[in-house]
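Worksheet: the structure to be examined is printed underneath.
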Amino acid sequence: AKGAASDLDLTADDLRELVGAYKKVFATHTGREFPQDPREQLDLAIRAVFGSWNAERAVLYRRQERIPADLGTAVNVVAMVFGNLGPDSGTGVAFTRDPATGNQGIYGDYLANAQGEDVVAGIRNTVPLQELARIDQRSYDQLLDFMARLERHYRDLCDIEFTIERGKLWMLQTRVGKRTAAAAFVIAGQLVDEGLIDLDEALHRVTGAQLAQLMFPRFQLDHGIEPVATGVGASPGAACGKVVFTSARAVELAGEGEAVILVRRETNPDDLNGMIAARGILTSRGGKTSHAAVVARGMGKTCVSGADEIDVNVPQRRFTVAGRTVTEGDVVSVDGTTGKVYLGEVPVMPSEVVRYFEGDVDPERSDDALVRAVHRIMTHADARRRLAVRTNADTGADAARARRFGAEGIGLCRTEHMFLGDRRELVERLILARTDTERADALAALLPLQRADFEEIFREMAGQPVTVRLIDPPLHEFLPPLEQLAVDVAVAQERGEDVAREEALLAAVRRMHEENPMLGLRGVRLGLVIPGLFAMQVRAITEAAVTVTRAGSVARPEIMVPLVGAVQELETVRAEAEKIIAEVVGESGVEVLIGTMIEVPRAALTAGQIAEAAQFFSFGTNDLTQMGWGFSRDDVEGAFFWRYLELGIFGISPFESIDRDGVGRLVRIAAE
C-alpha cells in the first residue's frame, strides 16, 4: 500500500498502522482485544508452541520424517535480542561446512538491521556471511571461533543462528544441520580424517535413501542451453516439471502422475504438502537458509531459492523473467547445484556415483570428492555387514546391472512378468484350452521362450543363486476386463463381425471371474488347477541351467512355489518337479533347490510341517501383510490409510515397513 520496496522503507507511523491492523484481525477472529499483560502474552505463546505439535503441517512433517507422534515438544523461554536497531545490528545463519556439498569454508547468510525471521522467511535477500567481515570484523572473528568450538563439541556439521545487537554478538541456537545426500557422505569422510569420528560412526551418518538420491541424473548442458535466471543452489539435483504456483495444485497434479515444479515467492510451513509432492522447488526470494532451502535439503528435493530475476504472480498463476511469461503448466528445469533455471525440459546425464558403481570411474584416481567418499564408506559397509543382499530381477539386463551394483544373487525372479507383452496371447490360449492337446500345444509354445529367459539370467548371474518364483498372478492380470470384453463382443456382433474367438474368451473370463482375485486362483493353486503349467516352468528352468553349465558357466537355480498354505500343496508340486529335474539334469552336476514363499498366515503358523518339504523359505511380506491385516493392498492405501496416519493409528503404512508386532511375529514363528 505504501509502495515500499522493503520493510526498511516503512516509517514508524507506517508500522504503528500495521500493528493496529493486526490488532483488528486478532479481535475479529478471537472476539477479544489483543492482551497487553506481558505474562499473559508469554503464557499464550507457550501454549501456542505446545499446540503446534498437533497442527496439520507438524503431523505431515512427522509422517514424512518418521518422527514418533508421542515424542512431544518443548518450549525454551529466553531473552530477546534485537538485530534491527540500526546498521551496527543484524542477524544471520551460519553453517560450519557447506550443507550442499560438504566443502569446508564459511557458509551462511547475513542481513543487516533485521531480525532472524527476515532471513529464514526469505522476505529480503541476504548477503553472503563473508560480508560480515567487512561490516563488523570483531563479531565475524568471534563467530568463527564459536563455530569451530561448536563443531568440535557436536562432531558434526552445525547450523547456527546468531544476532548482533549494537555490535555485540549473541548466539541464539545451534543444531546438527540438515544437509544434502552428497554433503552427508563428504562430511562423514572429512570427520574421519579429522579424528572426530571413526568409520563405523561415519557409516551411521549416511543412509540408503541418501545414496539413492545421489544416483539420479544431472542436466546435460552441451546443447547451448542458456538459463533464464540464476538463484541460489539450495538443494542439489536436476528436476524438470510443469510449473504450479500453489501447494494444492502441486498435490493434485502429482496425484495424476505429473512431474511438477512448485514456484513461490517464498515458501512457508503451510507449503509442506506441496513441497513433498513436487519434483523441485523454485523461489524468487531467500537464500541457503530460507525455509524452502532447509526443508528441501531435508527431503532430498531439488531447490533453487532467491532467483530474484523472476517476478512471481501467484494470483494470475504466472511468472515473468527476461521479458518472457511462464504460465501454470509450462515446463521448466531447475538445477539445485548451480542455482540455474531453464525454460523447457533439459536433457539429463547419469551421476558420477552411478558411473562409479557401474565400474566406469576409478575412485582412487577420481578428483570427485563425493565419489571418493562413497567408495570409502561403501567399502567399509561391505566389511562390516552381516547380511547378503540379493536383487529382484526378471530380465538379463536387470540381473547384470544389479550384479554390477553388488547384488549377491537374485532373491525374486517373477516369472509372470515374462508372460506379458506379445506373449499374452499364448497365455490366453492356455487358459482357453478345452482339451489336453490344446493345453499341451500352448505350453509347448511357451517352453522355449521361458528357457531362453532363464538362460540369459543364469549367464548374467555367473554362479550366484537365482530364486525363481513359479507363476503367481491373479488371472485377471492376463485376461481382459469382463465388462469391457462383453461390450466389445456385443458391438462386434451388432456389426456382423466374426467374434468366435472373442466369444470363447468372454465365456472363459465369465467362468473364471473372481470377486477378489488376489485371494483367488493364483500361485500354487493355479499350478495345480492347470496341468502342465508348473511342469513347463520347472523344465525350462532346469534345461536353461544345464545349458549354461555345459557352456562353462555355473547356474544355481532355486525354484520357489508361491502362496502355499498347506504342506500337501508343496509336496504335490515338489514330487512332480523332482521327476522332471532328475530327467533333465542327468550327469551335468546341476543342483536345483525347491522351496516356498511364506506369504499366507497359515503357512507361517504351520511352517514346521512345511519345512519338512521345503529346502528353503522366502518371505513374501506384501501378501503376509495383506492377509494378516485383512487389507487389499490394491485398494486400502488410497481408501483410508491417510485417515489412520492422521489419527496416529499408524505411524507408517504397514506396506512401507514391517509391522513387527503382528506380521513380524508371523515371520519369527516361521523362522523358528
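FYI, nothing fancy with the C-alpha cells labels: chains A, B, ... in order, residues from 1 per chain, ligands from 1 as they appear.
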
Those of range 81-177 of chain A in DSSP strand (DSSP E), formatted as a PyMOL selection string: chain A and resi 90-97+104-112+127-128+158-165+168-176

Write a file of the just-selected residues containing N, CA, C and O atoms, as a compact mmCIF listing (two decimals), in the first residue's frame.
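Writing done, so here's selection20.txt:
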# COMPACT_ATOMS: atom_id res chain seq x y z
N GLY A 90 22.27 -6.71 13.33
CA GLY A 90 21.91 -7.59 12.22
C GLY A 90 21.72 -9.00 12.70
O GLY A 90 21.85 -9.30 13.89
N THR A 91 21.44 -9.90 11.76
CA THR A 91 21.18 -11.29 12.13
C THR A 91 21.61 -12.20 10.99
O THR A 91 21.74 -11.77 9.84
N GLY A 92 21.84 -13.46 11.33
CA GLY A 92 22.27 -14.37 10.28
C GLY A 92 22.20 -15.83 10.69
O GLY A 92 21.90 -16.17 11.83
N VAL A 93 22.47 -16.67 9.71
CA VAL A 93 22.54 -18.11 9.89
C VAL A 93 23.85 -18.58 9.30
O VAL A 93 24.24 -18.16 8.21
N ALA A 94 24.55 -19.44 10.04
CA ALA A 94 25.86 -19.92 9.59
C ALA A 94 25.91 -21.43 9.63
O ALA A 94 25.31 -22.06 10.50
N PHE A 95 26.64 -22.01 8.69
CA PHE A 95 26.92 -23.45 8.68
C PHE A 95 28.42 -23.63 8.81
O PHE A 95 29.20 -22.90 8.20
N THR A 96 28.82 -24.63 9.58
CA THR A 96 30.25 -24.85 9.77
C THR A 96 30.89 -25.49 8.54
O THR A 96 32.11 -25.50 8.42
N ARG A 97 30.09 -26.04 7.66
CA ARG A 97 30.53 -26.53 6.35
C ARG A 97 29.39 -26.30 5.37
O ARG A 97 28.25 -26.08 5.78
N GLN A 104 34.55 -27.55 3.13
CA GLN A 104 34.87 -26.75 4.30
C GLN A 104 35.00 -25.29 3.90
O GLN A 104 35.43 -24.96 2.80
N GLY A 105 34.60 -24.40 4.79
CA GLY A 105 34.65 -22.98 4.49
C GLY A 105 33.61 -22.23 5.28
O GLY A 105 33.02 -22.76 6.23
N ILE A 106 33.36 -21.01 4.90
CA ILE A 106 32.40 -20.15 5.59
C ILE A 106 31.14 -20.09 4.75
O ILE A 106 31.17 -19.59 3.62
N TYR A 107 30.05 -20.61 5.28
CA TYR A 107 28.80 -20.64 4.54
C TYR A 107 27.68 -20.08 5.40
O TYR A 107 27.58 -20.40 6.59
N GLY A 108 26.85 -19.26 4.80
CA GLY A 108 25.71 -18.74 5.53
C GLY A 108 25.24 -17.43 4.94
O GLY A 108 25.72 -16.96 3.90
N ASP A 109 24.28 -16.82 5.61
CA ASP A 109 23.66 -15.58 5.15
C ASP A 109 23.67 -14.57 6.28
O ASP A 109 23.53 -14.92 7.46
N TYR A 110 23.80 -13.30 5.90
CA TYR A 110 23.73 -12.21 6.89
C TYR A 110 22.82 -11.12 6.36
O TYR A 110 22.78 -10.85 5.15
N LEU A 111 22.08 -10.49 7.28
CA LEU A 111 21.17 -9.41 6.90
C LEU A 111 21.29 -8.32 7.95
O LEU A 111 21.01 -8.55 9.13
N ALA A 112 21.78 -7.18 7.53
CA ALA A 112 21.96 -6.06 8.46
C ALA A 112 20.61 -5.45 8.82
O ALA A 112 19.67 -5.44 8.01
N VAL A 127 23.05 -11.17 2.23
CA VAL A 127 24.40 -11.12 1.67
C VAL A 127 25.15 -12.34 2.19
O VAL A 127 24.81 -12.89 3.24
N PRO A 128 26.19 -12.81 1.48
CA PRO A 128 26.97 -13.95 1.98
C PRO A 128 27.59 -13.61 3.34
O PRO A 128 27.92 -12.46 3.63
N CYS A 158 27.26 -28.09 11.98
CA CYS A 158 26.34 -27.35 12.84
C CYS A 158 25.67 -26.22 12.07
O CYS A 158 26.29 -25.55 11.25
N ASP A 159 24.39 -26.06 12.34
CA ASP A 159 23.56 -24.98 11.79
C ASP A 159 23.34 -24.00 12.94
O ASP A 159 22.78 -24.36 13.97
N ILE A 160 23.82 -22.76 12.78
CA ILE A 160 23.89 -21.81 13.89
C ILE A 160 23.12 -20.55 13.53
O ILE A 160 23.25 -20.02 12.42
N GLU A 161 22.31 -20.06 14.46
CA GLU A 161 21.63 -18.77 14.28
C GLU A 161 22.21 -17.77 15.28
O GLU A 161 22.43 -18.11 16.45
N PHE A 162 22.44 -16.56 14.82
CA PHE A 162 23.06 -15.54 15.67
C PHE A 162 22.45 -14.17 15.39
O PHE A 162 21.86 -13.94 14.33
N THR A 163 22.59 -13.29 16.37
CA THR A 163 22.16 -11.90 16.20
C THR A 163 23.26 -10.98 16.75
O THR A 163 23.90 -11.30 17.76
N ILE A 164 23.46 -9.88 16.07
CA ILE A 164 24.36 -8.83 16.58
C ILE A 164 23.49 -7.65 16.99
O ILE A 164 22.73 -7.11 16.17
N GLU A 165 23.57 -7.28 18.26
CA GLU A 165 22.79 -6.15 18.77
C GLU A 165 23.76 -5.03 19.15
O GLU A 165 24.52 -5.15 20.11
N LYS A 168 27.33 -6.26 19.61
CA LYS A 168 27.57 -7.41 20.47
C LYS A 168 26.96 -8.66 19.86
O LYS A 168 25.79 -8.67 19.49
N LEU A 169 27.79 -9.73 19.78
CA LEU A 169 27.35 -10.98 19.16
C LEU A 169 26.64 -11.86 20.18
O LEU A 169 27.16 -12.12 21.26
N TRP A 170 25.45 -12.30 19.81
CA TRP A 170 24.67 -13.24 20.63
C TRP A 170 24.44 -14.52 19.84
O TRP A 170 24.04 -14.49 18.69
N MET A 171 24.70 -15.69 20.47
CA MET A 171 24.41 -16.98 19.85
C MET A 171 22.99 -17.39 20.26
O MET A 171 22.70 -17.51 21.45
N LEU A 172 22.12 -17.58 19.28
CA LEU A 172 20.72 -17.88 19.57
C LEU A 172 20.46 -19.37 19.71
O LEU A 172 19.78 -19.82 20.63
N GLN A 173 20.98 -20.14 18.78
CA GLN A 173 20.76 -21.60 18.86
C GLN A 173 21.74 -22.30 17.93
O GLN A 173 22.29 -21.70 17.01
N THR A 174 21.93 -23.59 18.18
CA THR A 174 22.66 -24.43 17.24
C THR A 174 22.00 -25.79 17.21
O THR A 174 21.37 -26.21 18.18
N ARG A 175 22.12 -26.46 16.10
CA ARG A 175 21.62 -27.82 15.95
C ARG A 175 22.47 -28.50 14.89
O ARG A 175 23.13 -27.82 14.09
N VAL A 176 22.44 -29.82 14.88
CA VAL A 176 23.10 -30.55 13.80
C VAL A 176 22.37 -30.20 12.51
O VAL A 176 21.15 -30.34 12.41

Alpha helix (DSSP H) positions in range 261-465 of chain A, given as JSON, numbers by chain: {"A": [272, 273, 274, 275, 276, 277, 291, 292, 293, 294, 295, 296, 297, 298, 299, 352, 353, 354, 355, 356, 357, 369, 370, 371, 372, 373, 374, 375, 376, 377, 378, 379, 380, 381, 382, 383, 384, 396, 397, 398, 399, 400, 401, 402, 403, 404, 424, 425, 426, 427, 428, 429, 430, 431, 432, 436, 437, 438, 439, 440, 441, 442, 443, 444, 445, 446, 447, 448, 449, 450, 451, 452, 453, 454, 455, 456, 457, 458, 459, 460, 461]}

Distance query Thr337 in chain A at most 12 Å, only C-alpha atoms, self and fewer than 3 positions along chain excluded, as a VMD selection string: chain A and resid 98 to 101 180 182 to 183 218 to 219 230 to 239 288 293 297 301 to 305 334 340 to 341

Can I get the selection written as a PDB file, in the first residue's frame, with N, CA and C atoms?
ATOM      1  N   ASP A  98      29.685 -26.403   4.098  1.00  0.00           N
ATOM      2  CA  ASP A  98      28.653 -26.183   3.087  1.00  0.00           C
ATOM      3  C   ASP A  98      27.630 -27.322   3.162  1.00  0.00           C
ATOM      4  N   PRO A  99      26.369 -27.027   3.507  1.00  0.00           N
ATOM      5  CA  PRO A  99      25.372 -28.106   3.628  1.00  0.00           C
ATOM      6  C   PRO A  99      24.968 -28.699   2.286  1.00  0.00           C
ATOM      7  N   ALA A 100      25.369 -28.053   1.191  1.00  0.00           N
ATOM      8  CA  ALA A 100      25.027 -28.577  -0.133  1.00  0.00           C
ATOM      9  C   ALA A 100      26.092 -29.531  -0.661  1.00  0.00           C
ATOM     10  N   THR A 101      27.378 -29.213  -0.429  1.00  0.00           N
ATOM     11  CA  THR A 101      28.461 -30.034  -0.992  1.00  0.00           C
ATOM     12  C   THR A 101      29.329 -30.700   0.062  1.00  0.00           C
ATOM     13  N   THR A 180      22.541 -32.080   2.253  1.00  0.00           N
ATOM     14  CA  THR A 180      22.177 -32.896   1.103  1.00  0.00           C
ATOM     15  C   THR A 180      22.819 -34.271   1.233  1.00  0.00           C
ATOM     16  N   ALA A 182      24.829 -35.662  -0.894  1.00  0.00           N
ATOM     17  CA  ALA A 182      26.249 -35.570  -1.248  1.00  0.00           C
ATOM     18  C   ALA A 182      27.069 -35.059  -0.074  1.00  0.00           C
ATOM     19  N   ALA A 183      26.573 -34.013   0.581  1.00  0.00           N
ATOM     20  CA  ALA A 183      27.298 -33.446   1.720  1.00  0.00           C
ATOM     21  C   ALA A 183      27.408 -34.458   2.853  1.00  0.00           C
ATOM     22  N   ARG A 218      21.870 -35.857 -13.820  1.00  0.00           N
ATOM     23  CA  ARG A 218      22.091 -34.409 -13.796  1.00  0.00           C
ATOM     24  C   ARG A 218      21.810 -33.847 -15.190  1.00  0.00           C
ATOM     25  N   PHE A 219      21.685 -32.523 -15.278  1.00  0.00           N
ATOM     26  CA  PHE A 219      21.420 -31.901 -16.576  1.00  0.00           C
ATOM     27  C   PHE A 219      22.630 -32.016 -17.497  1.00  0.00           C
ATOM     28  N   THR A 230      19.197 -17.091 -12.514  1.00  0.00           N
ATOM     29  CA  THR A 230      20.109 -17.797 -11.616  1.00  0.00           C
ATOM     30  C   THR A 230      19.813 -17.364 -10.192  1.00  0.00           C
ATOM     31  N   GLY A 231      19.565 -18.357  -9.353  1.00  0.00           N
ATOM     32  CA  GLY A 231      19.355 -18.086  -7.941  1.00  0.00           C
ATOM     33  C   GLY A 231      20.411 -18.784  -7.117  1.00  0.00           C
ATOM     34  N   VAL A 232      20.054 -19.165  -5.928  1.00  0.00           N
ATOM     35  CA  VAL A 232      20.962 -19.870  -5.033  1.00  0.00           C
ATOM     36  C   VAL A 232      20.718 -21.366  -5.167  1.00  0.00           C
ATOM     37  N   GLY A 233      21.784 -22.123  -5.427  1.00  0.00           N
ATOM     38  CA  GLY A 233      21.653 -23.580  -5.455  1.00  0.00           C
ATOM     39  C   GLY A 233      21.453 -24.080  -4.036  1.00  0.00           C
ATOM     40  N   ALA A 234      20.203 -24.246  -3.628  1.00  0.00           N
ATOM     41  CA  ALA A 234      19.895 -24.501  -2.220  1.00  0.00           C
ATOM     42  C   ALA A 234      19.861 -25.986  -1.879  1.00  0.00           C
ATOM     43  N   SER A 235      19.504 -26.838  -2.847  1.00  0.00           N
ATOM     44  CA  SER A 235      19.468 -28.283  -2.611  1.00  0.00           C
ATOM     45  C   SER A 235      19.691 -28.966  -3.953  1.00  0.00           C
ATOM     46  N   PRO A 236      20.815 -29.672  -4.120  1.00  0.00           N
ATOM     47  CA  PRO A 236      21.229 -30.120  -5.447  1.00  0.00           C
ATOM     48  C   PRO A 236      20.301 -31.130  -6.091  1.00  0.00           C
ATOM     49  N   GLY A 237      20.529 -31.297  -7.383  1.00  0.00           N
ATOM     50  CA  GLY A 237      19.754 -32.238  -8.172  1.00  0.00           C
ATOM     51  C   GLY A 237      19.266 -31.562  -9.435  1.00  0.00           C
ATOM     52  N   ALA A 238      18.693 -32.337 -10.319  1.00  0.00           N
ATOM     53  CA  ALA A 238      18.135 -31.827 -11.560  1.00  0.00           C
ATOM     54  C   ALA A 238      16.665 -32.207 -11.610  1.00  0.00           C
ATOM     55  N   ALA A 239      15.804 -31.227 -11.736  1.00  0.00           N
ATOM     56  CA  ALA A 239      14.365 -31.506 -11.730  1.00  0.00           C
ATOM     57  C   ALA A 239      13.681 -30.760 -12.865  1.00  0.00           C
ATOM     58  N   LYS A 288      20.274 -19.791   1.157  1.00  0.00           N
ATOM     59  CA  LYS A 288      20.514 -21.187   1.515  1.00  0.00           C
ATOM     60  C   LYS A 288      19.915 -21.557   2.858  1.00  0.00           C
ATOM     61  N   ALA A 293      14.862 -23.768   1.324  1.00  0.00           N
ATOM     62  CA  ALA A 293      16.160 -24.429   1.215  1.00  0.00           C
ATOM     63  C   ALA A 293      16.338 -25.502   2.278  1.00  0.00           C
ATOM     64  N   ARG A 297      16.369 -29.542   1.471  1.00  0.00           N
ATOM     65  CA  ARG A 297      17.562 -30.351   1.740  1.00  0.00           C
ATOM     66  C   ARG A 297      17.231 -31.556   2.605  1.00  0.00           C
ATOM     67  N   LYS A 301      14.909 -32.900  -1.927  1.00  0.00           N
ATOM     68  CA  LYS A 301      14.262 -32.308  -3.101  1.00  0.00           C
ATOM     69  C   LYS A 301      15.178 -31.250  -3.716  1.00  0.00           C
ATOM     70  N   THR A 302      15.186 -31.185  -5.041  1.00  0.00           N
ATOM     71  CA  THR A 302      15.923 -30.134  -5.729  1.00  0.00           C
ATOM     72  C   THR A 302      15.292 -28.780  -5.429  1.00  0.00           C
ATOM     73  N   CYS A 303      16.135 -27.784  -5.125  1.00  0.00           N
ATOM     74  CA  CYS A 303      15.598 -26.463  -4.796  1.00  0.00           C
ATOM     75  C   CYS A 303      16.531 -25.358  -5.274  1.00  0.00           C
ATOM     76  N   VAL A 304      15.959 -24.355  -5.923  1.00  0.00           N
ATOM     77  CA  VAL A 304      16.643 -23.106  -6.242  1.00  0.00           C
ATOM     78  C   VAL A 304      15.883 -21.995  -5.538  1.00  0.00           C
ATOM     79  N   SER A 305      16.585 -21.226  -4.712  1.00  0.00           N
ATOM     80  CA  SER A 305      15.932 -20.126  -3.994  1.00  0.00           C
ATOM     81  C   SER A 305      16.576 -18.798  -4.389  1.00  0.00           C
ATOM     82  N   VAL A 334      15.083 -26.968 -13.220  1.00  0.00           N
ATOM     83  CA  VAL A 334      15.850 -26.249 -12.195  1.00  0.00           C
ATOM     84  C   VAL A 334      17.030 -27.105 -11.760  1.00  0.00           C
ATOM     85  N   LYS A 340      20.718 -22.528 -11.416  1.00  0.00           N
ATOM     86  CA  LYS A 340      20.244 -22.034 -12.713  1.00  0.00           C
ATOM     87  C   LYS A 340      18.849 -22.582 -13.034  1.00  0.00           C
ATOM     88  N   VAL A 341      18.081 -21.742 -13.733  1.00  0.00           N
ATOM     89  CA  VAL A 341      16.707 -22.076 -14.112  1.00  0.00           C
ATOM     90  C   VAL A 341      16.606 -22.029 -15.631  1.00  0.00           C
TER      91      VAL A 341
END

So that I can check the surroundings of Arg550 in chain A, please list as a PDB file with all heavy atoms, in the first residue's frame every protein, DNA and RNA residue that reaches within 12 Å of it, counting only C-alpha atoms and ignoring chain neighbours fewer than 4 positions away.
ATOM      1  N   GLU A 455      18.081 -68.802 -19.419  1.00  0.00           N
ATOM      2  CA  GLU A 455      19.486 -68.908 -19.850  1.00  0.00           C
ATOM      3  C   GLU A 455      20.176 -67.553 -19.737  1.00  0.00           C
ATOM      4  O   GLU A 455      21.313 -67.454 -19.243  1.00  0.00           O
ATOM      5  CB  GLU A 455      19.554 -69.420 -21.295  1.00  0.00           C
ATOM      6  CG  GLU A 455      19.289 -70.905 -21.447  1.00  0.00           C
ATOM      7  CD  GLU A 455      19.370 -71.361 -22.904  1.00  0.00           C
ATOM      8  OE1 GLU A 455      19.928 -70.601 -23.725  1.00  0.00           O
ATOM      9  OE2 GLU A 455      18.863 -72.462 -23.213  1.00  0.00           O
ATOM     10  N   ARG A 459      23.258 -66.824 -17.109  1.00  0.00           N
ATOM     11  CA  ARG A 459      24.563 -66.392 -17.633  1.00  0.00           C
ATOM     12  C   ARG A 459      25.023 -65.112 -16.943  1.00  0.00           C
ATOM     13  O   ARG A 459      26.185 -64.970 -16.566  1.00  0.00           O
ATOM     14  CB  ARG A 459      24.491 -66.189 -19.149  1.00  0.00           C
ATOM     15  CG  ARG A 459      24.705 -67.450 -19.961  1.00  0.00           C
ATOM     16  CD  ARG A 459      24.993 -67.128 -21.421  1.00  0.00           C
ATOM     17  NE  ARG A 459      23.882 -66.404 -22.037  1.00  0.00           N
ATOM     18  CZ  ARG A 459      22.876 -66.999 -22.686  1.00  0.00           C
ATOM     19  NH1 ARG A 459      22.833 -68.322 -22.792  1.00  0.00           N
ATOM     20  NH2 ARG A 459      21.913 -66.277 -23.222  1.00  0.00           N
ATOM     21  N   GLU A 543      16.448 -76.979 -17.800  1.00  0.00           N
ATOM     22  CA  GLU A 543      17.152 -77.075 -19.087  1.00  0.00           C
ATOM     23  C   GLU A 543      18.066 -75.871 -19.290  1.00  0.00           C
ATOM     24  O   GLU A 543      19.187 -76.013 -19.790  1.00  0.00           O
ATOM     25  CB  GLU A 543      16.142 -77.188 -20.232  1.00  0.00           C
ATOM     26  CG  GLU A 543      15.442 -78.544 -20.280  1.00  0.00           C
ATOM     27  CD  GLU A 543      14.429 -78.640 -21.425  1.00  0.00           C
ATOM     28  OE1 GLU A 543      14.188 -77.602 -22.094  1.00  0.00           O
ATOM     29  OE2 GLU A 543      13.880 -79.738 -21.648  1.00  0.00           O
ATOM     30  N   ALA A 544      17.608 -74.680 -18.904  1.00  0.00           N
ATOM     31  CA  ALA A 544      18.447 -73.482 -19.031  1.00  0.00           C
ATOM     32  C   ALA A 544      19.688 -73.605 -18.153  1.00  0.00           C
ATOM     33  O   ALA A 544      20.807 -73.261 -18.570  1.00  0.00           O
ATOM     34  CB  ALA A 544      17.641 -72.245 -18.644  1.00  0.00           C
ATOM     35  N   ALA A 545      19.515 -74.102 -16.923  1.00  0.00           N
ATOM     36  CA  ALA A 545      20.654 -74.255 -16.010  1.00  0.00           C
ATOM     37  C   ALA A 545      21.673 -75.243 -16.567  1.00  0.00           C
ATOM     38  O   ALA A 545      22.894 -75.019 -16.502  1.00  0.00           O
ATOM     39  CB  ALA A 545      20.160 -74.701 -14.639  1.00  0.00           C
ATOM     40  N   VAL A 546      21.180 -76.343 -17.139  1.00  0.00           N
ATOM     41  CA  VAL A 546      22.082 -77.344 -17.710  1.00  0.00           C
ATOM     42  C   VAL A 546      22.823 -76.771 -18.913  1.00  0.00           C
ATOM     43  O   VAL A 546      24.046 -76.954 -19.067  1.00  0.00           O
ATOM     44  CB  VAL A 546      21.286 -78.611 -18.096  1.00  0.00           C
ATOM     45  CG1 VAL A 546      22.153 -79.564 -18.926  1.00  0.00           C
ATOM     46  CG2 VAL A 546      20.766 -79.310 -16.843  1.00  0.00           C
ATOM     47  N   VAL A 554      28.293 -71.454 -14.430  1.00  0.00           N
ATOM     48  CA  VAL A 554      27.633 -72.175 -13.339  1.00  0.00           C
ATOM     49  C   VAL A 554      26.252 -71.567 -13.143  1.00  0.00           C
ATOM     50  O   VAL A 554      26.106 -70.342 -13.144  1.00  0.00           O
ATOM     51  CB  VAL A 554      28.436 -72.069 -12.027  1.00  0.00           C
ATOM     52  CG1 VAL A 554      27.681 -72.753 -10.886  1.00  0.00           C
ATOM     53  CG2 VAL A 554      29.813 -72.690 -12.189  1.00  0.00           C
ATOM     54  N   ALA A 555      25.247 -72.413 -12.987  1.00  0.00           N
ATOM     55  CA  ALA A 555      23.885 -71.942 -12.705  1.00  0.00           C
ATOM     56  C   ALA A 555      23.436 -72.548 -11.382  1.00  0.00           C
ATOM     57  O   ALA A 555      23.619 -73.746 -11.141  1.00  0.00           O
ATOM     58  CB  ALA A 555      22.938 -72.332 -13.834  1.00  0.00           C
ATOM     59  N   VAL A 585      18.567 -83.118 -15.576  1.00  0.00           N
ATOM     60  CA  VAL A 585      19.912 -82.835 -15.048  1.00  0.00           C
ATOM     61  C   VAL A 585      20.926 -83.876 -15.502  1.00  0.00           C
ATOM     62  O   VAL A 585      22.045 -83.548 -15.909  1.00  0.00           O
ATOM     63  CB  VAL A 585      19.870 -82.744 -13.498  1.00  0.00           C
ATOM     64  CG1 VAL A 585      21.276 -82.833 -12.914  1.00  0.00           C
ATOM     65  CG2 VAL A 585      19.203 -81.453 -13.077  1.00  0.00           C
ATOM     66  N   GLY A 586      20.562 -85.156 -15.430  1.00  0.00           N
ATOM     67  CA  GLY A 586      21.468 -86.217 -15.871  1.00  0.00           C
ATOM     68  C   GLY A 586      22.805 -86.138 -15.165  1.00  0.00           C
ATOM     69  O   GLY A 586      22.893 -86.068 -13.938  1.00  0.00           O
ATOM     70  N   GLU A 587      23.892 -86.112 -15.940  1.00  0.00           N
ATOM     71  CA  GLU A 587      25.253 -86.077 -15.389  1.00  0.00           C
ATOM     72  C   GLU A 587      25.837 -84.663 -15.357  1.00  0.00           C
ATOM     73  O   GLU A 587      27.036 -84.496 -15.163  1.00  0.00           O
ATOM     74  CB  GLU A 587      26.164 -86.974 -16.253  1.00  0.00           C
ATOM     75  CG  GLU A 587      25.712 -88.422 -16.365  1.00  0.00           C
ATOM     76  CD  GLU A 587      25.717 -89.121 -15.012  1.00  0.00           C
ATOM     77  OE1 GLU A 587      26.655 -88.894 -14.231  1.00  0.00           O
ATOM     78  OE2 GLU A 587      24.765 -89.888 -14.734  1.00  0.00           O
ATOM     79  N   SER A 588      25.002 -83.646 -15.538  1.00  0.00           N
ATOM     80  CA  SER A 588      25.526 -82.270 -15.652  1.00  0.00           C
ATOM     81  C   SER A 588      26.048 -81.717 -14.329  1.00  0.00           C
ATOM     82  O   SER A 588      26.830 -80.765 -14.304  1.00  0.00           O
ATOM     83  CB  SER A 588      24.421 -81.339 -16.172  1.00  0.00           C
ATOM     84  OG  SER A 588      23.385 -81.204 -15.207  1.00  0.00           O
ATOM     85  N   GLY A 589      25.601 -82.293 -13.212  1.00  0.00           N
ATOM     86  CA  GLY A 589      26.039 -81.787 -11.918  1.00  0.00           C
ATOM     87  C   GLY A 589      25.253 -80.594 -11.412  1.00  0.00           C
ATOM     88  O   GLY A 589      25.561 -80.048 -10.348  1.00  0.00           O
ATOM     89  N   VAL A 590      24.241 -80.165 -12.147  1.00  0.00           N
ATOM     90  CA  VAL A 590      23.414 -79.034 -11.716  1.00  0.00           C
ATOM     91  C   VAL A 590      22.563 -79.450 -10.522  1.00  0.00           C
ATOM     92  O   VAL A 590      21.958 -80.520 -10.526  1.00  0.00           O
ATOM     93  CB  VAL A 590      22.511 -78.536 -12.864  1.00  0.00           C
ATOM     94  CG1 VAL A 590      21.499 -77.508 -12.350  1.00  0.00           C
ATOM     95  CG2 VAL A 590      23.349 -77.940 -13.973  1.00  0.00           C
TER      96      VAL A 590
END

Best match for closeness to Glu428 in chain A among A:Leu443, A:Leu196, A:Ala373, A:Met147, counting only C-alpha atoms: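 The closest residue to Glu428 in chain A is A:Leu443.
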
Contacts of Phe617 in chain A within 8 Å, only C-alpha atoms, excl. fewer than 2 positions in-chain, as a list in words: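 Non-adjacent residues within range: Gly595, Thr596, Met597, Ile598, Ala611, Ala614, Gln615 and Phe619 of chain A.
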
Interatomic distance (Å, one decimal) between CA of Ile377 in chain A and CA of Leu199 in chain A: 7.3 Å

Distance query range 185-194 of chain A at most 12 Å, only C-alpha atoms, self and fewer than 2 positions along chain excluded, as a PyMOL selection string: chain A and resi 96-104+151-152+154-158+177-183+196-208+210-211+213-214+353+368-378+380

Nearest-residue call for Ile658 in chain A, choices A:Asn622, A:Glu672, A:His29, A:Val491, using only C-alpha atoms: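 For Ile658 in chain A, the nearest of the given residues is A:Asn622.
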
Against range 50-61 of chain A, which residues of range 240-314 of chain A fall within 12 Å? For each one I want the closest pair of atoms and the distance in Å (one decimal), counting only C-alpha atoms, rows by chain and increasing residue number, as CSV.
residue,atom,partner,partner_atom,distance
A:Asn268,CA,A:Arg57,CA,10.4
A:Pro269,CA,A:Arg57,CA,6.7
A:Asp270,CA,A:Arg57,CA,6.3
A:Asp271,CA,A:Arg57,CA,8.4
A:Leu272,CA,A:Arg57,CA,6.6
A:Asn273,CA,A:Leu60,CA,7.3
A:Gly274,CA,A:Arg57,CA,11.0
A:Met275,CA,A:Tyr61,CA,10.8
A:Ile276,CA,A:Tyr61,CA,9.4
A:Val295,CA,A:Tyr61,CA,9.7
A:Gly298,CA,A:Tyr61,CA,10.7
A:Met299,CA,A:Tyr61,CA,10.1
